[in-house]
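J.: One structure, as structure tokens, below. Some questions next.
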Amino acid sequence: MASRRPALRFFAQCKSRSRLSSSPSSKINWTSRRAFSSFPSPATPGQTPALLRRYLGWAAFGLLVAVPLTYKMAIDEPLKMDSPTLAERDQQLKAEQGVSDVSPMRLRMEKFAKEQQRAIVRALEEVDGTKFRVDEWQRKEGGGGITCVLQDGKVFEKAGVGVSVVYGTLPKPAILKMRANHKNIADEDNIPDSLEFFAAGLSLIVHPKNPMAPTVHLNYRYFETANADGSSGAWWFGGGCDLTPSYLFDEDAIQFHKSLKEVCDKHDKDYYPRFKKWCDDYFYNKHRGESRGIGGIFFDDLDESVSDRENLFAFVQDSLKSFVPTYIPIMNKRKDMAFTEQEKEWQQIRRGKYVEFNLVHDRGTAFGLNTPGARVESILMSLPLTASWRYMYEPEPKSREARLVEVLQNPKEWV
């Protein structure tokens, strides 16, 4: 209010001068009372200074009123601009500084996943002799991915290696649900209406043509929420690797589990027994009463309650790097073995069970399909090219097929 007083005094002075100009004794002769936005008719030389003073007075009055009001608005109601999203912040950070060991974990995980994708694709191409199709894609909500798929190869009926990077916003119901496992995602007394999040990971599936060669699956991922300033909020790692043979070779199962145990023991000797059981429990077809395969390791929600972020990232790195030296030797032993038509049909039946788990029970598939902007083709990359369902099929007693089913119904300790 105080800032308006000089303007009001000036306005009062202008009014008094106007009254003086209209009195008969006034020496100033105003020849026009038109609005100040239009100029009067041609005036005599004596009138010009008076008219000029009149217009300058009104201009000064406008400035005296406008400047204090503008200043007050700038102080009381500053211009509100949308703050950059987490995806925009990260894009700028990568452009300006690249990605290094001191970068946010989300950028380091994305970089690592893409590096491993290239290494795994090269290794699988060497086995098959066929190049992968590579699709790069973007999400309008932020992020994107690279999907590499090989179909109808010489060795692999279908193989897929995909990296996905997702930026998005968690609504309040999702935040409340996640608090069951992550109390630090939000204060119980102050649950926000939404939270920005980041998720990145590498997923792989290999379905060989030869029924003697096992299907393999892996997924390693990182998730975090973001604070308003773009800093990391709650975070956790997840992942694992599991083997699904149609015909069981004990030596392959032992080699596979031994390799995973060595990686786990390097970081924590409690990891392997814990994550092996978690894998047996998770990859379980409840409606069939049997496991999807012979297991491996599986873990989720590994956060600061388990270890610090750097140590968990190192564990994920070692686990993913162990895939090629573990699976490729098994593949090379089995890919050229002889098989019958009946054995090929058994492979198709086992693949049907694989499909059932992925579409009915897998949380990752459900999360992906329910994420806004989901790329369905990349999510369903894990499904085999062919599968079959035979009504009431039971394997012959004491056959190799029957032994596999027995192991799937009663998971073994391989190491």
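Quick note on naming: the chains in the structure tokens go A, B, ... in the order shown, residues restart at 1 in each chain, and ligands are numbered from 1 in order of appearance.
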Within 10 Å of segment 403-411 of chain A, which residues of segment 228-305 of chain A come that close, and what is the closest atom pair and distance in Å for each? Count only C-alpha atoms and give it as a Markdown table.
T.:
```
| residue | atom | partner | partner_atom | distance |
| --- | --- | --- | --- | --- |
| A:Thr244 | CA | A:Leu408 | CA | 9.8 |
| A:Pro245 | CA | A:Leu404 | CA | 8.5 |
| A:Ser246 | CA | A:Leu404 | CA | 7.5 |
| A:Tyr247 | CA | A:Leu404 | CA | 6.8 |
| A:Leu248 | CA | A:Leu404 | CA | 6.1 |
| A:Phe249 | CA | A:Leu404 | CA | 9.6 |
| A:Lys277 | CA | A:Pro411 | CA | 9.2 |
| A:Asp280 | CA | A:Pro411 | CA | 7.0 |
| A:Asp281 | CA | A:Pro411 | CA | 9.6 |
| A:Tyr284 | CA | A:Leu408 | CA | 8.9 |
| A:Asn285 | CA | A:Gln409 | CA | 9.9 |
| A:Arg288 | CA | A:Gln409 | CA | 9.2 |
| A:Gly289 | CA | A:Gln409 | CA | 6.5 |
| A:Glu290 | CA | A:Gln409 | CA | 4.4 |
| A:Ser291 | CA | A:Leu408 | CA | 4.9 |
| A:Arg292 | CA | A:Leu408 | CA | 7.1 |
| A:Gly293 | CA | A:Leu408 | CA | 6.4 |
| A:Ile294 | CA | A:Leu408 | CA | 6.5 |
| A:Gly295 | CA | A:Pro411 | CA | 8.1 |
```
J.: Check the DSSP output for the backbone and give back, as a count of residues only, the residues of segment 169-231 of chain A in helix (DSSP H, G or I).
T.: 10
J.: Extract, using only C-alpha atoms, all DNA, RNA and protein residues at most 9 Å from Ile328 of chain A, discarding same-chain residues fewer than 6 positions from it, and format them as a PDB file with C-alpha atoms, in the first residue's frame.
T.:
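The file below, selection_39.pdb, is the result:
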```pdb
ATOM      1  CA  ALA A 123      28.565 -64.604 -27.776  1.00  0.00           C
ATOM      2  CA  LEU A 124      25.202 -65.993 -28.924  1.00  0.00           C
ATOM      3  CA  VAL A 127      27.240 -70.013 -31.398  1.00  0.00           C
TER       4      VAL A 127
END
```
J.: Do a neighbour search on Gly143 of chain A at 7 Å with only C-alpha atoms, toss out local chain neighbours closer than 4 positions, and write the hits as a PyMOL selection string.
T.: chain A and resi 87+138-139+165-167
J.: Compare A:Gly230, A:Gly368, A:Gly296, A:Gly240 by their minimum atom-to-atom distance to Leu93 of chain A, counting only C-alpha atoms, and give me the closest one.
T.: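 Residue with the minimum atom-to-atom distance to Leu93 of chain A: A:Gly230.
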J.: Find the residues around Met337 of chain A up to 12 Å (only C-alpha atoms counted), leave out those fewer than 6 positions away in its own chain, and share them as a list in words.
T.: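 Listing them by chain and then by number gives Val155, Pro208, Lys209, Asn210, Pro211, Met212, Ala213, Tyr247, Ile330, Met331 and Glu343 of chain A.
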J.: Would you mind telling me which residue in A:Lys412, A:Leu176, A:Ala338, A:Phe223 lies nearest to Ala253 of chain A when using only C-alpha atoms?
T.: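 Among the listed residues, the smallest separation from Ala253 of chain A belongs to A:Lys412.
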J.: Mind the document's chain letters and residue numbers, and return as a PyMOL selection string the residues of segment 134-345 of chain A that DSSP labels strand (DSSP E or B).
T.: chain A and resi 134-138+143-151+156-171+194-208+215-226+232-244+284-285+290-291+295-302
J.: Please build the interface table for segment 129-218 of chain A against segment 102-119 of chain A with a cut-off of 10 Å, listing for each qualifying residue the nearest atom pair and the distance in Å to one decimal; count only C-alpha atoms, order rows by chain and increasing number, and write it as JSON lines.
T.:
```
{"residue": "A:Gly145", "atom": "CA", "partner": "A:Lys114", "partner_atom": "CA", "distance": 9.2}
{"residue": "A:Ile146", "atom": "CA", "partner": "A:Lys114", "partner_atom": "CA", "distance": 8.2}
{"residue": "A:Thr147", "atom": "CA", "partner": "A:Gln117", "partner_atom": "CA", "distance": 9.4}
{"residue": "A:Cys148", "atom": "CA", "partner": "A:Gln117", "partner_atom": "CA", "distance": 8.6}
{"residue": "A:Val161", "atom": "CA", "partner": "A:Gln117", "partner_atom": "CA", "distance": 6.5}
{"residue": "A:Gly162", "atom": "CA", "partner": "A:Gln117", "partner_atom": "CA", "distance": 7.2}
{"residue": "A:Val163", "atom": "CA", "partner": "A:Lys114", "partner_atom": "CA", "distance": 6.5}
{"residue": "A:Ser164", "atom": "CA", "partner": "A:Glu110", "partner_atom": "CA", "distance": 8.4}
{"residue": "A:Val165", "atom": "CA", "partner": "A:Glu110", "partner_atom": "CA", "distance": 7.1}
{"residue": "A:Phe198", "atom": "CA", "partner": "A:Arg106", "partner_atom": "CA", "distance": 7.2}
{"residue": "A:Ala199", "atom": "CA", "partner": "A:Arg106", "partner_atom": "CA", "distance": 7.7}
{"residue": "A:Ala200", "atom": "CA", "partner": "A:Glu110", "partner_atom": "CA", "distance": 6.1}
{"residue": "A:Gly201", "atom": "CA", "partner": "A:Ala113", "partner_atom": "CA", "distance": 6.4}
{"residue": "A:Leu202", "atom": "CA", "partner": "A:Ala113", "partner_atom": "CA", "distance": 5.7}
{"residue": "A:Ser203", "atom": "CA", "partner": "A:Gln117", "partner_atom": "CA", "distance": 8.9}
{"residue": "A:Leu204", "atom": "CA", "partner": "A:Gln117", "partner_atom": "CA", "distance": 8.9}
```
J.: Any chance you can output those residues with C-alpha atoms as a tab-separated table (two decimals), in the first residue's frame?
T.:
```tsv
chain	number	residue	atom	x	y	z
A	145	GLY	CA	15.39	-49.47	-24.86
A	146	ILE	CA	17.19	-51.82	-27.22
A	147	THR	CA	15.58	-55.16	-28.13
A	148	CYS	CA	17.77	-57.74	-29.84
A	161	VAL	CA	18.33	-59.91	-25.17
A	162	GLY	CA	16.60	-56.70	-24.17
A	163	VAL	CA	17.53	-53.57	-22.26
A	164	SER	CA	14.75	-51.31	-21.06
A	165	VAL	CA	14.96	-47.93	-19.33
A	198	PHE	CA	13.32	-44.91	-12.70
A	199	ALA	CA	13.71	-48.57	-13.64
A	200	ALA	CA	16.34	-50.18	-15.82
A	201	GLY	CA	17.35	-53.74	-16.49
A	202	LEU	CA	18.54	-56.42	-18.87
A	203	SER	CA	16.37	-59.44	-19.68
A	204	LEU	CA	17.40	-62.51	-21.64
```
J.: For atom CA of Lys183 of chain A and atom CA of Arg221 of chain A, quote the distance in Å rounded to one decimal.
T.: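 It comes out at 20.1 Å.
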J.: What's the separation between atom CA of Asn332 of chain A and atom CA of Leu260 of chain A, in Å to one decimal place?
T.: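 Atom-to-atom, atom CA of Asn332 of chain A to atom CA of Leu260 of chain A, that is 19.1 Å.
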J.: Please report the interatomic distance between atom CA of Asp189 of chain A and atom CA of Asp303 of chain A in Å with one decimal.
T.: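 Atom CA of Asp189 of chain A sits 22.2 Å away from atom CA of Asp303 of chain A.
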J.: Calculated over only C-alpha atoms, which of the candidates A:His267, A:His207, A:Arg133, A:Lys158 has the smallest distance to Gln347 of chain A?
T.: A:His207
J.: Near Val415 of chain A, counting only C-alpha atoms, which residues have an atom at most 10 Å away, once you skip same-chain residues fewer than 3 positions from it, shown as a PDB file with C-alpha atoms, in the first residue's frame?
T.:
```pdb
ATOM      1  CA  ALA A 253      22.599 -78.654 -13.551  1.00  0.00           C
ATOM      2  CA  ILE A 254      25.611 -78.985 -11.246  1.00  0.00           C
ATOM      3  CA  GLN A 255      27.807 -76.778 -13.438  1.00  0.00           C
ATOM      4  CA  PHE A 256      25.099 -74.107 -13.679  1.00  0.00           C
ATOM      5  CA  HIS A 257      24.415 -73.982  -9.942  1.00  0.00           C
ATOM      6  CA  LYS A 258      28.094 -74.174  -9.019  1.00  0.00           C
ATOM      7  CA  SER A 259      28.857 -71.105 -11.101  1.00  0.00           C
ATOM      8  CA  LYS A 261      27.128 -70.233  -6.002  1.00  0.00           C
ATOM      9  CA  PRO A 273      21.060 -70.815  -0.225  1.00  0.00           C
ATOM     10  CA  LYS A 412      17.008 -80.722  -5.644  1.00  0.00           C
TER      11      LYS A 412
END
```
J.: Could you check the closest approach to Asn227 of chain A for each of A:Ile120, A:Val355, A:Val206, A:Leu86 and tell me which residue wins, using only C-alpha atoms?
T.: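 Closest to Asn227 of chain A, using only C-alpha atoms: A:Leu86.
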